[in-house]
Structures are given as structure tokens and as C-alpha cells.
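Asker: Just one file: final-v4.cif, with mmCIF, C-alpha atoms.
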```cif
data_final
#
loop_
_atom_site.label_atom_id
_atom_site.label_comp_id
_atom_site.auth_asym_id
_atom_site.auth_seq_id
_atom_site.Cartn_x
_atom_site.Cartn_y
_atom_site.Cartn_z
CA MET C 1 142.63 114.91 121.20
CA THR C 2 145.55 112.53 120.71
CA ARG C 3 143.49 109.63 122.04
CA ALA C 4 140.59 110.37 119.67
CA ILE C 5 142.94 110.44 116.70
CA ASP C 6 144.56 107.15 117.76
CA VAL C 7 141.20 105.43 118.24
CA ASN C 8 139.88 106.45 114.84
CA GLU C 9 143.16 105.55 113.20
CA LYS C 10 142.91 102.09 114.75
CA ILE C 11 139.28 101.58 113.68
CA HIS C 12 140.18 102.70 110.17
CA GLU C 13 143.14 100.31 110.14
CA GLN C 14 140.99 97.39 111.33
CA LEU C 15 138.38 98.12 108.67
CA LYS C 16 141.14 97.87 106.10
CA ASN C 17 142.33 94.63 107.73
CA SER C 18 138.76 93.38 107.28
CA GLY C 19 139.01 94.05 103.55
CA VAL C 20 136.65 97.03 103.56
CA THR C 21 137.05 99.26 100.49
CA LEU C 22 133.76 101.17 100.49
CA ALA C 23 132.16 103.26 103.23
CA ALA C 24 128.78 104.97 103.13
CA SER C 25 128.11 107.49 105.85
CA LEU C 26 125.88 110.04 107.47
CA PRO C 27 127.58 111.63 110.46
CA ASP C 28 126.76 112.16 114.05
CA ASP C 29 129.41 113.95 116.07
CA TRP C 30 130.92 110.78 117.59
CA VAL C 31 131.52 109.09 114.22
CA ALA C 32 132.47 112.30 112.38
CA PRO C 33 136.24 112.01 113.06
CA LEU C 34 136.24 108.44 111.70
CA ILE C 35 134.29 109.58 108.62
CA ASN C 36 136.83 112.36 108.05
CA ARG C 37 139.68 109.86 108.20
CA ILE C 38 137.98 107.54 105.72
CA ALA C 39 137.08 110.43 103.41
CA ALA C 40 140.78 111.30 103.23
CA ASP C 41 141.77 107.73 102.30
CA ASN C 42 142.14 107.38 98.54
CA THR C 43 142.07 103.59 98.75
CA MET C 44 138.56 103.53 100.18
CA ARG C 45 135.50 104.70 98.23
CA HIS C 46 133.50 107.05 100.43
CA VAL C 47 129.83 107.76 99.72
CA ARG C 48 128.09 110.54 101.61
CA VAL C 49 124.34 109.92 101.79
CA ALA C 50 121.26 111.97 102.56
CA ARG C 51 119.55 109.34 104.72
CA GLU C 52 121.01 106.39 106.59
CA ALA C 53 118.94 103.76 104.78
CA GLU C 54 120.73 104.78 101.58
CA ALA C 55 123.97 103.65 103.22
CA ILE C 56 122.39 100.29 104.05
CA ALA C 57 121.23 99.73 100.47
CA ILE C 58 124.52 100.97 98.96
CA CYS C 59 126.44 98.47 101.10
CA SER C 60 123.96 95.74 100.10
CA GLY C 61 124.51 96.48 96.40
CA ALA C 62 128.28 96.54 96.97
CA PHE C 63 128.05 93.04 98.49
CA PHE C 64 126.95 91.71 95.10
CA GLY C 65 129.84 93.49 93.42
CA GLY C 66 132.20 91.50 95.65
CA VAL C 67 133.13 94.61 97.64
CA ARG C 68 133.34 94.70 101.43
CA SER C 69 131.77 97.80 102.89
CA VAL C 70 130.75 99.57 106.07
CA ALA C 71 127.84 101.88 106.92
CA LEU C 72 128.69 104.62 109.42
CA MET C 73 126.02 106.50 111.35
CA GLY C 74 124.68 107.61 114.71
CA ALA C 75 122.22 105.68 116.86
CA THR C 76 119.36 107.92 115.75
CA GLY C 77 120.17 107.11 112.14
CA LEU C 78 120.15 103.40 112.93
CA LEU C 79 116.60 103.75 114.25
CA THR C 80 115.51 105.40 110.97
CA CYS C 81 116.57 102.43 108.84
CA THR C 82 115.26 99.43 110.76
CA GLY C 83 112.53 98.88 108.12
CA GLU C 84 115.07 98.65 105.31
CA LEU C 85 117.38 96.45 107.40
CA ALA C 86 114.45 94.07 107.92
CA THR C 87 112.85 94.04 104.47
CA LEU C 88 116.06 94.15 102.44
CA ASN C 89 118.77 92.52 104.55
CA LEU C 90 116.78 90.04 106.60
CA ARG C 91 114.48 89.23 103.67
CA HIS C 92 117.35 88.42 101.30
CA GLN C 93 119.94 87.42 103.95
CA ILE C 94 122.37 90.13 102.85
CA PRO C 95 125.10 90.96 105.39
CA VAL C 96 125.72 94.63 106.17
CA PHE C 97 128.29 95.84 108.68
CA LEU C 98 127.45 99.02 110.58
CA ILE C 99 129.55 101.16 112.90
CA VAL C 100 127.19 103.17 115.09
CA SER C 101 127.67 105.55 118.02
CA GLN C 102 126.09 104.11 121.14
CA ARG C 103 124.21 107.25 122.08
CA GLY C 104 122.14 107.65 125.21
CA SER C 105 124.63 105.85 127.47
CA ILE C 106 124.94 106.92 131.13
CA ASP C 107 127.79 109.27 130.23
CA ASP C 108 125.88 110.83 127.29
CA GLN C 109 123.61 113.24 129.06
CA ARG C 110 121.68 114.62 126.09
CA ILE C 111 117.93 114.53 126.48
CA TYR C 112 117.40 113.95 122.74
CA GLN C 113 119.46 110.73 122.95
CA GLU C 114 117.55 109.26 125.90
CA VAL C 115 115.19 106.99 123.94
CA GLN C 116 118.06 105.73 121.76
CA GLY C 117 119.93 104.79 124.95
CA ARG C 118 117.04 102.81 126.34
CA ARG C 119 115.52 101.15 123.28
CA THR C 120 118.20 100.59 120.60
CA ILE C 121 119.60 97.31 121.93
CA PRO C 122 116.16 95.81 122.74
CA LEU C 123 115.15 96.72 119.18
CA LEU C 124 118.20 94.92 117.71
CA GLN C 125 117.41 91.91 119.88
CA THR C 126 113.83 91.90 118.61
CA TYR C 127 115.08 91.77 115.01
CA ASP C 128 117.80 89.27 115.99
CA PHE C 129 120.54 91.53 114.66
CA PRO C 130 123.88 90.70 116.31
CA TYR C 131 125.88 93.55 117.85
CA HIS C 132 129.20 94.11 119.60
CA ILE C 133 130.19 97.00 121.83
CA VAL C 134 133.70 98.42 121.59
CA ASN C 135 134.39 100.40 124.73
CA ARG C 136 138.19 100.33 125.00
CA PRO C 137 140.98 100.91 122.47
CA ASP C 138 142.30 97.35 122.89
CA GLU C 139 138.90 96.00 121.79
CA ILE C 140 139.20 97.64 118.37
CA ALA C 141 141.23 94.62 117.23
CA SER C 142 137.98 92.61 117.36
CA ILE C 143 136.66 94.35 114.22
CA PRO C 144 137.87 91.72 111.70
CA ASP C 145 136.19 88.95 113.74
CA ALA C 146 133.04 91.03 114.02
CA TYR C 147 133.11 91.58 110.27
CA GLU C 148 133.46 87.86 109.59
CA THR C 149 130.59 87.11 112.00
CA CYS C 150 128.44 89.57 110.06
CA ARG C 151 129.20 87.73 106.82
CA LEU C 152 128.62 84.33 108.40
CA GLN C 153 125.32 85.32 110.02
CA LYS C 154 124.16 86.95 106.75
CA ARG C 155 122.38 89.84 108.42
CA PRO C 156 122.96 93.33 109.75
CA PHE C 157 125.69 93.48 112.41
CA VAL C 158 126.07 96.61 114.53
CA LEU C 159 129.45 97.48 116.01
CA PHE C 160 128.80 100.16 118.63
CA ILE C 161 131.46 102.66 119.56
CA THR C 162 130.99 104.20 123.00
CA ARG C 163 131.54 107.71 124.29
CA LYS C 164 134.37 106.43 126.49
CA LEU C 165 136.10 105.01 123.41
CA VAL C 166 135.81 108.05 121.19
CA LYS C 167 136.10 110.80 123.81
CA GLY C 168 138.25 109.14 126.46
CA ASP C 169 137.81 109.10 130.24
CA ALA C 170 138.25 112.83 130.65
CA ALA C 171 135.53 113.86 128.18
CA MET S 1 102.27 104.18 76.39
CA LYS S 2 101.54 101.23 78.65
CA ALA S 3 104.00 100.21 81.37
CA ARG S 4 104.54 96.83 79.69
CA GLU S 5 105.35 98.49 76.34
CA ALA S 6 107.83 100.85 77.99
CA ILE S 7 109.56 98.01 79.85
CA GLU S 8 109.72 95.95 76.64
CA ALA S 9 111.30 98.85 74.75
CA VAL S 10 113.89 99.45 77.49
CA ALA S 11 114.64 95.73 77.87
CA LYS S 12 115.18 95.35 74.12
CA HIS S 13 118.17 97.69 74.34
CA ARG S 14 119.66 96.39 77.60
CA GLY S 15 122.46 94.40 75.97
CA ASP S 16 124.44 92.90 78.84
CA ALA S 17 123.25 95.41 81.46
CA VAL S 18 122.63 94.14 84.98
CA ALA S 19 119.21 95.33 86.16
CA VAL S 20 118.09 96.32 89.65
CA CYS S 21 114.32 96.59 89.94
CA ALA S 22 112.21 98.39 92.51
CA LEU S 23 109.67 96.18 94.20
CA GLY S 24 106.16 95.81 92.79
CA MET S 25 105.23 96.78 89.26
CA ALA S 26 108.78 97.54 88.03
CA ALA S 27 110.15 94.21 89.25
CA ASN S 28 107.16 92.18 88.12
CA GLU S 29 107.09 93.68 84.63
CA TRP S 30 110.87 93.35 84.15
CA TRP S 31 110.67 89.70 85.18
CA ALA S 32 107.68 89.07 82.87
CA VAL S 33 109.52 90.59 79.91
CA THR S 34 113.09 89.32 80.47
CA LYS S 35 112.98 86.33 82.84
CA GLY S 36 116.45 87.63 83.66
CA GLU S 37 118.49 86.04 86.44
CA ASP S 38 121.20 88.68 86.16
CA ALA S 39 118.75 91.12 87.73
CA PHE S 40 117.98 91.86 91.37
CA TYR S 41 114.30 92.18 92.22
CA MET S 42 113.70 94.01 95.50
CA HIS S 43 111.24 92.40 97.87
CA GLY S 44 111.19 95.33 100.26
CA ALA S 45 112.97 98.55 101.22
CA MET S 46 110.71 100.58 98.94
CA GLY S 47 112.72 103.46 97.51
CA PHE S 48 116.12 101.92 98.05
CA ALA S 49 116.59 99.94 94.84
CA ALA S 50 118.21 103.19 93.69
CA SER S 51 120.81 103.08 96.46
CA PHE S 52 121.35 99.34 95.96
CA ALA S 53 121.99 99.98 92.24
CA LEU S 54 124.42 102.78 93.10
CA GLY S 55 126.38 100.50 95.43
CA LEU S 56 126.51 97.84 92.73
CA ALA S 57 127.56 100.37 90.07
CA LEU S 58 130.40 101.70 92.24
CA SER S 59 131.57 98.16 92.98
CA LEU S 60 131.48 96.99 89.36
CA PRO S 61 132.53 100.12 87.49
CA LYS S 62 132.91 98.31 84.17
CA ALA S 63 129.46 96.69 84.29
CA PRO S 64 126.46 98.58 82.91
CA ILE S 65 123.89 98.82 85.71
CA TRP S 66 120.32 99.74 84.81
CA LEU S 67 117.95 100.74 87.59
CA ILE S 68 114.28 100.11 86.84
CA ASN S 69 112.62 102.38 89.36
CA ALA S 70 109.05 103.63 89.71
CA ASP S 71 107.58 106.96 90.78
CA GLY S 72 106.26 105.70 94.12
CA SER S 73 109.64 104.24 94.99
CA LEU S 74 111.55 107.32 93.84
CA CYS S 75 109.44 109.52 96.10
CA MET S 76 110.35 107.36 99.10
CA ASN S 77 114.02 108.24 98.59
CA LEU S 78 114.44 111.44 96.57
CA GLY S 79 117.76 111.95 98.33
CA CYS S 80 119.14 109.12 96.18
CA LEU S 81 119.36 111.65 93.35
CA LEU S 82 121.81 113.79 95.31
CA THR S 83 123.95 110.76 96.08
CA GLU S 84 123.85 109.58 92.46
CA ALA S 85 124.83 113.05 91.25
CA SER S 86 127.68 113.32 93.74
CA GLN S 87 129.13 109.91 92.87
CA ALA S 88 128.37 110.31 89.14
CA PRO S 89 128.92 106.67 88.10
CA LYS S 90 129.34 106.47 84.33
CA ASN S 91 127.88 102.96 84.29
CA LEU S 92 124.52 103.75 85.94
CA LYS S 93 121.29 104.42 84.03
CA HIS S 94 118.24 105.31 86.12
CA PHE S 95 114.78 104.71 84.58
CA VAL S 96 111.59 105.71 86.36
CA VAL S 97 108.27 104.21 85.30
CA ASP S 98 105.96 107.14 86.05
CA ASN S 99 102.31 106.09 86.11
CA GLN S 100 101.33 108.59 88.82
CA VAL S 101 99.64 105.93 90.92
CA TYR S 102 100.52 103.27 93.45
CA GLN S 103 99.74 100.59 90.90
CA THR S 104 100.55 97.49 92.91
CA VAL S 105 98.04 98.29 95.64
CA GLY S 106 95.17 99.13 93.28
CA ALA S 107 96.13 102.31 91.39
CA LEU S 108 95.62 104.77 94.23
CA PRO S 109 96.84 108.27 93.30
CA MET S 110 100.42 109.32 93.96
CA VAL S 111 101.05 112.30 96.20
CA ASN S 112 100.97 115.54 94.14
CA GLN S 113 99.58 113.56 91.21
CA GLY S 114 100.00 115.22 87.82
CA ARG S 115 102.18 118.08 89.01
CA THR S 116 105.59 116.57 89.72
CA ASP S 117 108.40 116.87 87.18
CA TYR S 118 110.86 114.18 88.27
CA ALA S 119 113.37 115.02 85.54
CA ALA S 120 113.48 118.61 86.82
CA ILE S 121 114.12 117.31 90.35
CA ALA S 122 116.96 115.11 89.04
CA ARG S 123 118.43 118.06 87.11
CA GLY S 124 118.19 120.16 90.23
CA ALA S 125 120.10 117.48 92.11
CA GLY S 126 122.90 117.74 89.57
CA ILE S 127 122.25 114.88 87.15
CA VAL S 128 123.00 116.34 83.74
CA ARG S 129 121.43 113.80 81.35
CA THR S 130 117.71 113.79 82.13
CA ARG S 131 114.72 113.10 79.91
CA THR S 132 110.98 112.70 80.13
CA ILE S 133 109.58 110.37 77.48
CA GLU S 134 105.88 110.59 76.72
CA SER S 135 105.31 108.04 73.95
CA LEU S 136 106.48 104.68 72.73
CA ASP S 137 107.68 106.18 69.42
CA GLU S 138 109.83 108.66 71.30
CA LEU S 139 111.17 105.92 73.57
CA GLU S 140 112.09 103.73 70.58
CA ARG S 141 113.90 106.71 69.03
CA GLU S 142 115.78 107.66 72.20
CA MET S 143 116.79 104.24 73.53
CA PRO S 144 119.90 103.71 71.33
CA GLN S 145 121.30 107.03 72.55
CA ILE S 146 120.35 106.34 76.19
CA ALA S 147 121.94 102.90 76.02
CA SER S 148 125.19 104.11 74.47
CA GLU S 149 125.87 107.39 76.31
CA ASP S 150 127.75 107.66 79.60
CA GLY S 151 125.83 107.76 82.84
CA PRO S 152 124.62 108.83 85.16
CA SER S 153 121.40 109.40 83.25
CA PHE S 154 117.84 109.74 84.43
CA THR S 155 114.92 108.86 82.19
CA VAL S 156 111.29 109.26 83.14
CA LEU S 157 108.92 106.95 81.27
CA ARG S 158 105.44 108.50 81.38
CA VAL S 159 103.03 105.61 81.14
CA GLU S 160 99.27 105.24 81.45
CA ALA S 161 98.04 104.07 84.81
CA GLU S 162 96.05 100.87 84.72
CA THR S 163 92.69 101.38 86.37
CA GLU S 164 92.84 98.21 88.44
CA PHE S 165 95.36 95.84 89.96
CA LEU S 166 98.05 94.68 87.56
CA ARG S 167 98.04 90.92 87.93
CA THR S 168 101.57 90.33 86.61
CA PRO S 169 103.04 87.69 88.92
CA PRO S 170 106.32 88.41 90.71
CA MET S 171 109.47 86.49 89.97
CA THR S 172 109.35 83.02 91.40
CA TYR S 173 112.46 82.92 93.57
CA GLU S 174 112.22 83.54 97.29
CA GLY S 175 114.49 86.16 98.93
CA PRO S 176 117.56 84.05 99.81
CA GLU S 177 117.37 82.06 96.58
CA MET S 178 117.34 85.29 94.60
CA LYS S 179 120.41 86.42 96.52
CA TYR S 180 122.35 83.28 95.62
CA ARG S 181 121.20 83.14 92.00
CA PHE S 182 122.06 86.81 91.47
CA GLY S 183 125.36 86.58 93.32
CA ARG S 184 126.44 83.41 91.51
CA ALA S 185 125.44 84.92 88.14
CA LEU S 186 127.66 87.95 88.84
CA GLU S 187 130.54 85.76 90.07
CA LYS S 188 130.43 83.75 86.86
CA ARG S 189 130.11 86.73 84.58
CA PHE S 190 132.64 89.09 86.17
CA GLY S 191 135.07 86.64 87.80
CA ILE S 192 134.48 88.18 91.23
CA ALA S 193 133.99 86.51 94.62
CA VAL S 194 130.64 87.46 96.13
CA PHE S 195 130.59 84.48 98.48
CA GLY S 196 133.46 83.00 100.45
CA PRO S 197 134.90 79.47 100.39
CA GLN S 198 132.23 78.21 102.81
CA GLY S 199 129.44 79.62 100.67
CA TYR S 200 128.43 82.61 102.81
#
```
Spell out the structure here as C-alpha cells.
Answerer:
Amino acid sequence: MTRAIDVNEKIHEQLKNSGVTLAASLPDDWVAPLINRIAADNTMRHVRVAREAEAIAICSGAFFGGVRSVALMGATGLLTCTGELATLNLRHQIPVFLIVSQRGSIDDQRIYQEVQGRRTIPLLQTYDFPYHIVNRPDEIASIPDAYETCRLQKRPFVLFITRKLVKGDAA
Amino acid sequence: MKAREAIEAVAKHRGDAVAVCALGMAANEWWAVTKGEDAFYMHGAMGFAASFALGLALSLPKAPIWLINADGSLCMNLGCLLTEASQAPKNLKHFVVDNQVYQTVGALPMVNQGRTDYAAIARGAGIVRTRTIESLDELEREMPQIASEDGPSFTVLRVEAETEFLRTPPMTYEGPEMKYRFGRALEKRFGIAVFGPQGY
């Protein structure tokens, strides 16, 4: 419990250090605690969406308003918006920073996450979307560099958070 | 009313609004009428011009943002109406060119053609100011009020479907060039930094 709170507090803090002031989200259970933290932060605009691709397009519009943003979702949600990431963000070279649960890992024994576990990273590689996996609390400090890389590469960048990170070793 | 006439009537009242246009007919017609560089013309992500416009409106709360959407695009992302209603940006006006066909691909019928009341759907989502406009006279009468009232508002423009392909050419800037032209136009106008010191 304490660990989960610390981890989400640190991610939240590093998003703020990256200059993020807008978050658009659709929860899965691993990112839900982070979404709750952000929703309670009056300095960050939080937009709840009905489909993950809305979050992608909201963040893309915010880019042109000079606002740094993040899209928060589960791995299944990421799969639903690959078309929009390609035809909006790749087409126009618009950066969008995503924090996504890395579902379907060896310690995530849910049958409905199995395909996500096997095919999400190959799919990102096919689109040439950069990604970075944060597996330990001390790696959370890499978020500002990841954010800058997203801007520099002008495309979607997925920062995965693992089960070990959000649930701890005992979970 | 023809789509071109409706777009001309809306564009006439846009003042200094920044437009976001759904891909296809809406974008092509807006470009033909305005030649506006302070507009973003979607090349893809059908349905998500609405979400893009919302993100822009939330980021530039003092800038009037006009979304030029179309019925085919709206139906790809009806959930955008819930998100618009929940965020309720005062600076966002949502127009839907409703011709009941997929015009850009040859006027094939829309799903549920002739039965859907988009304004009722928007009202049901919680957007208070909704209208359906059936004629050019009515549009000319209503536009000053639409332009001056607070958003969010949702206006359906019922237009005649063309029977064949509309041959209006798209705007002439390629995807990345459009990004930089649009971003630089907003930087200049609003004194914001869209791009960093190294240009990305």
C-alpha cells in the first residue's frame, strides 16, 4: 500500500518536473491510483475520456496550445488507438506522451491480457514508436528525459509501468 | 442549403476564431472558403478532430476555437460529446455539417440515414446550447447569436448531399508543414511557445 502510494507520488512529481499541466485518461486498474492522484491536483487539468483515442487527440490539440500533456491508459486501450496514433501523430509529426500499464507480463496472469503481453511491443516497433519501461522506483526519475525524447522524436512515446513497479514484489 | 453555402455563412462570422476541421469535406470546404492558416486540417484520425479541438480549447481558454465537424466523423467518436459536456469549455463551438452521406468517398449513405437527431444526442450528453439549422436563411439569422454566446455549443447544419464526388481540392500543405505553419501562427498570435529553442 505504502509502496504504491510512493510510486504514484513519484510519477506524478516527475510529470510535473517535465512541465505537464494536462492529463487525459481512461483507467485500467494499474494506472487508476495515478489517475486519482492527478485528478486531485488542482494545478493539473484532468480530462476523463470515453475512449483512449480521445486522450491522444486531446493531447495533440494541447500541444498546439503550448501545453505539455500526458495520456494515461491501459495496454488494451493503447491497442485501440494505434490507428489514430499513426494517422494523426505520425502523419503530422505531433509528439504525444503516454503512460501505459504493461499488461500481459509474466507476473500478470490474466488470460484477457495475454495478447497484449505478446504483441504490444512488436506493434510499437512496427510503427517505430519509441518506448521505455519503468520497472523500479529509482527509474521513475527518467520521466523528464523520456518526455524530452518524445518531443525531440516528434511521435508517440510510450512509458510503460510494470506490475512490479505499481504493485511491488509481494503483489 | 449546400455544404459550401453553410461553410461560407459560418466562416463569415468566425472573427478571429481558430478552426479545427475534420478530414475530408469539412476540411476541404473550409480551406476553399477561407484559405486560413490559423486552422488545423486533419489528415486522418477520423472522428477525433473533436477531441483535438477540445484539447486546444482547454489549452488556450481565451481563444475562440471553432470545430468544423461532419456527421460521418461525429459518428466515429460520439463519446466526444460526453467529454465536451464534462469539460464545458466556454470557448468551444462545435459545428456539424450533416449531409447524411459519406461525401468524400462518393456520397454513400450514412448509417441510420435520415433518422438520427445529432442535436438530441448532444443534449442527452449534457451540452445545453444545441441547434439544428435547416436552411441558409435560418443560419444567417442564427450565426450572430452562435458566434457571440458562450460555449460549449453544438450546431447541426443540415445540408443537401451532393450526388457525386465533391472535387474540392484539399489544402496544399503536407502533414508536417501544416503542423509548423499552424503552430507558428498560434505562437505569433498568442505569444505562446509551441516549439522549443531547437525547433521541435
Asker: Define the interface residues of chain C facing chain S as those within 8 Å, counting all atoms listed in the file, and report them as a PyMOL selection string.
Answerer: chain C and resi 47-51+53-55+57-67+83-85+87-88+91-94+151-152+154
Asker: Residues picked by the PyMOL selection byres ((chain C and resi 102-110) around 6) here, as a list in words?
Answerer: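 Those residues are Ala75, Ser101, Ile111, Tyr112, Gln113, Glu114, Gln116, Gly117, Phe160, Ile161 and Thr162 of chain C.
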Asker: Just write the chosen residues, C-alpha atoms, as an mmCIF file, in the coordinates of the input.
Answerer:
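Below is the file that was written, result-v7.cif:
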```cif
data_model
loop_
_atom_site.group_PDB
_atom_site.id
_atom_site.type_symbol
_atom_site.label_atom_id
_atom_site.label_comp_id
_atom_site.auth_asym_id
_atom_site.auth_seq_id
_atom_site.Cartn_x
_atom_site.Cartn_y
_atom_site.Cartn_z
ATOM 1 C CA ALA C 75 122.220 105.680 116.860
ATOM 2 C CA SER C 101 127.670 105.550 118.020
ATOM 3 C CA ILE C 111 117.930 114.530 126.480
ATOM 4 C CA TYR C 112 117.400 113.950 122.740
ATOM 5 C CA GLN C 113 119.460 110.730 122.950
ATOM 6 C CA GLU C 114 117.550 109.260 125.900
ATOM 7 C CA GLN C 116 118.060 105.730 121.760
ATOM 8 C CA GLY C 117 119.930 104.790 124.950
ATOM 9 C CA PHE C 160 128.800 100.160 118.630
ATOM 10 C CA ILE C 161 131.460 102.660 119.560
ATOM 11 C CA THR C 162 130.990 104.200 123.000
#
```
Asker: List the spatial neighbours of segment 37-44 of chain C as a PDB file with C-alpha atoms, in the coordinates of the input - criterion: any atom at most 9 Å away, all atoms listed in the file, same-chain residues fewer than 4 positions off excluded.
Answerer:
```
ATOM      1  CA  ASN C   8     139.880 106.450 114.840  1.00  0.00           C
ATOM      2  CA  GLU C   9     143.160 105.550 113.200  1.00  0.00           C
ATOM      3  CA  HIS C  12     140.180 102.700 110.170  1.00  0.00           C
ATOM      4  CA  LYS C  16     141.140  97.870 106.100  1.00  0.00           C
ATOM      5  CA  VAL C  20     136.650  97.030 103.560  1.00  0.00           C
ATOM      6  CA  THR C  21     137.050  99.260 100.490  1.00  0.00           C
ATOM      7  CA  LEU C  22     133.760 101.170 100.490  1.00  0.00           C
ATOM      8  CA  ALA C  23     132.160 103.260 103.230  1.00  0.00           C
ATOM      9  CA  ALA C  32     132.470 112.300 112.380  1.00  0.00           C
ATOM     10  CA  PRO C  33     136.240 112.010 113.060  1.00  0.00           C
TER      11      PRO C  33
END
```
Asker: If the PyMOL selection byres ((chain S and resi 106) around 10) is run on the structure shown, which residues does it catch, given as an MDAnalysis selection string?
Answerer: chainID S and resid 101:105 107:109 162:166
Asker: Between atom CA of Glu52 of chain C and atom CA of Ala17 of chain S, what is the distance in Å, rounded to a tenth?
Answerer: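 Distance between the two atoms: 27.5 Å.
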Asker: On this file, the PyMOL selection byres ((chain C and resi 121-131) around 8) gives some set of residues; write that set as a ChimeraX atom specification.
Answerer: /C:86,118-120,132-133,150,155-160
Asker: The selected residues should be written to file as a tab-separated table (two decimals), in the frame of the given file (atoms: C-alpha atoms).
Answerer:
```
chain	number	residue	atom	x	y	z
C	86	ALA	CA	114.45	94.07	107.92
C	118	ARG	CA	117.04	102.81	126.34
C	119	ARG	CA	115.52	101.15	123.28
C	120	THR	CA	118.20	100.59	120.60
C	132	HIS	CA	129.20	94.11	119.60
C	133	ILE	CA	130.19	97.00	121.83
C	150	CYS	CA	128.44	89.57	110.06
C	155	ARG	CA	122.38	89.84	108.42
C	156	PRO	CA	122.96	93.33	109.75
C	157	PHE	CA	125.69	93.48	112.41
C	158	VAL	CA	126.07	96.61	114.53
C	159	LEU	CA	129.45	97.48	116.01
C	160	PHE	CA	128.80	100.16	118.63
```
Asker: What does the structure give for the distance between atom CA of Ala146 of chain C and atom CA of Asp28 of chain C, in Å to one decimal?
Answerer: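 Between atom CA of Ala146 of chain C and atom CA of Asp28 of chain C the gap is 22.0 Å.
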Asker: Could you check how far atom CA of Gly15 of chain S sits from atom CA of Trp30 of chain S, in Å to one decimal?
Answerer: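 Here the two named atoms are 14.2 Å from each other.
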Asker: Hey, which of C:Val96, C:Asp6, C:Pro144, C:Leu78 ends up closest to Pro27 of chain C? Count only C-alpha atoms.
Answerer: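 Looking at the shortest contact to Pro27 of chain C, the residue is C:Leu78.
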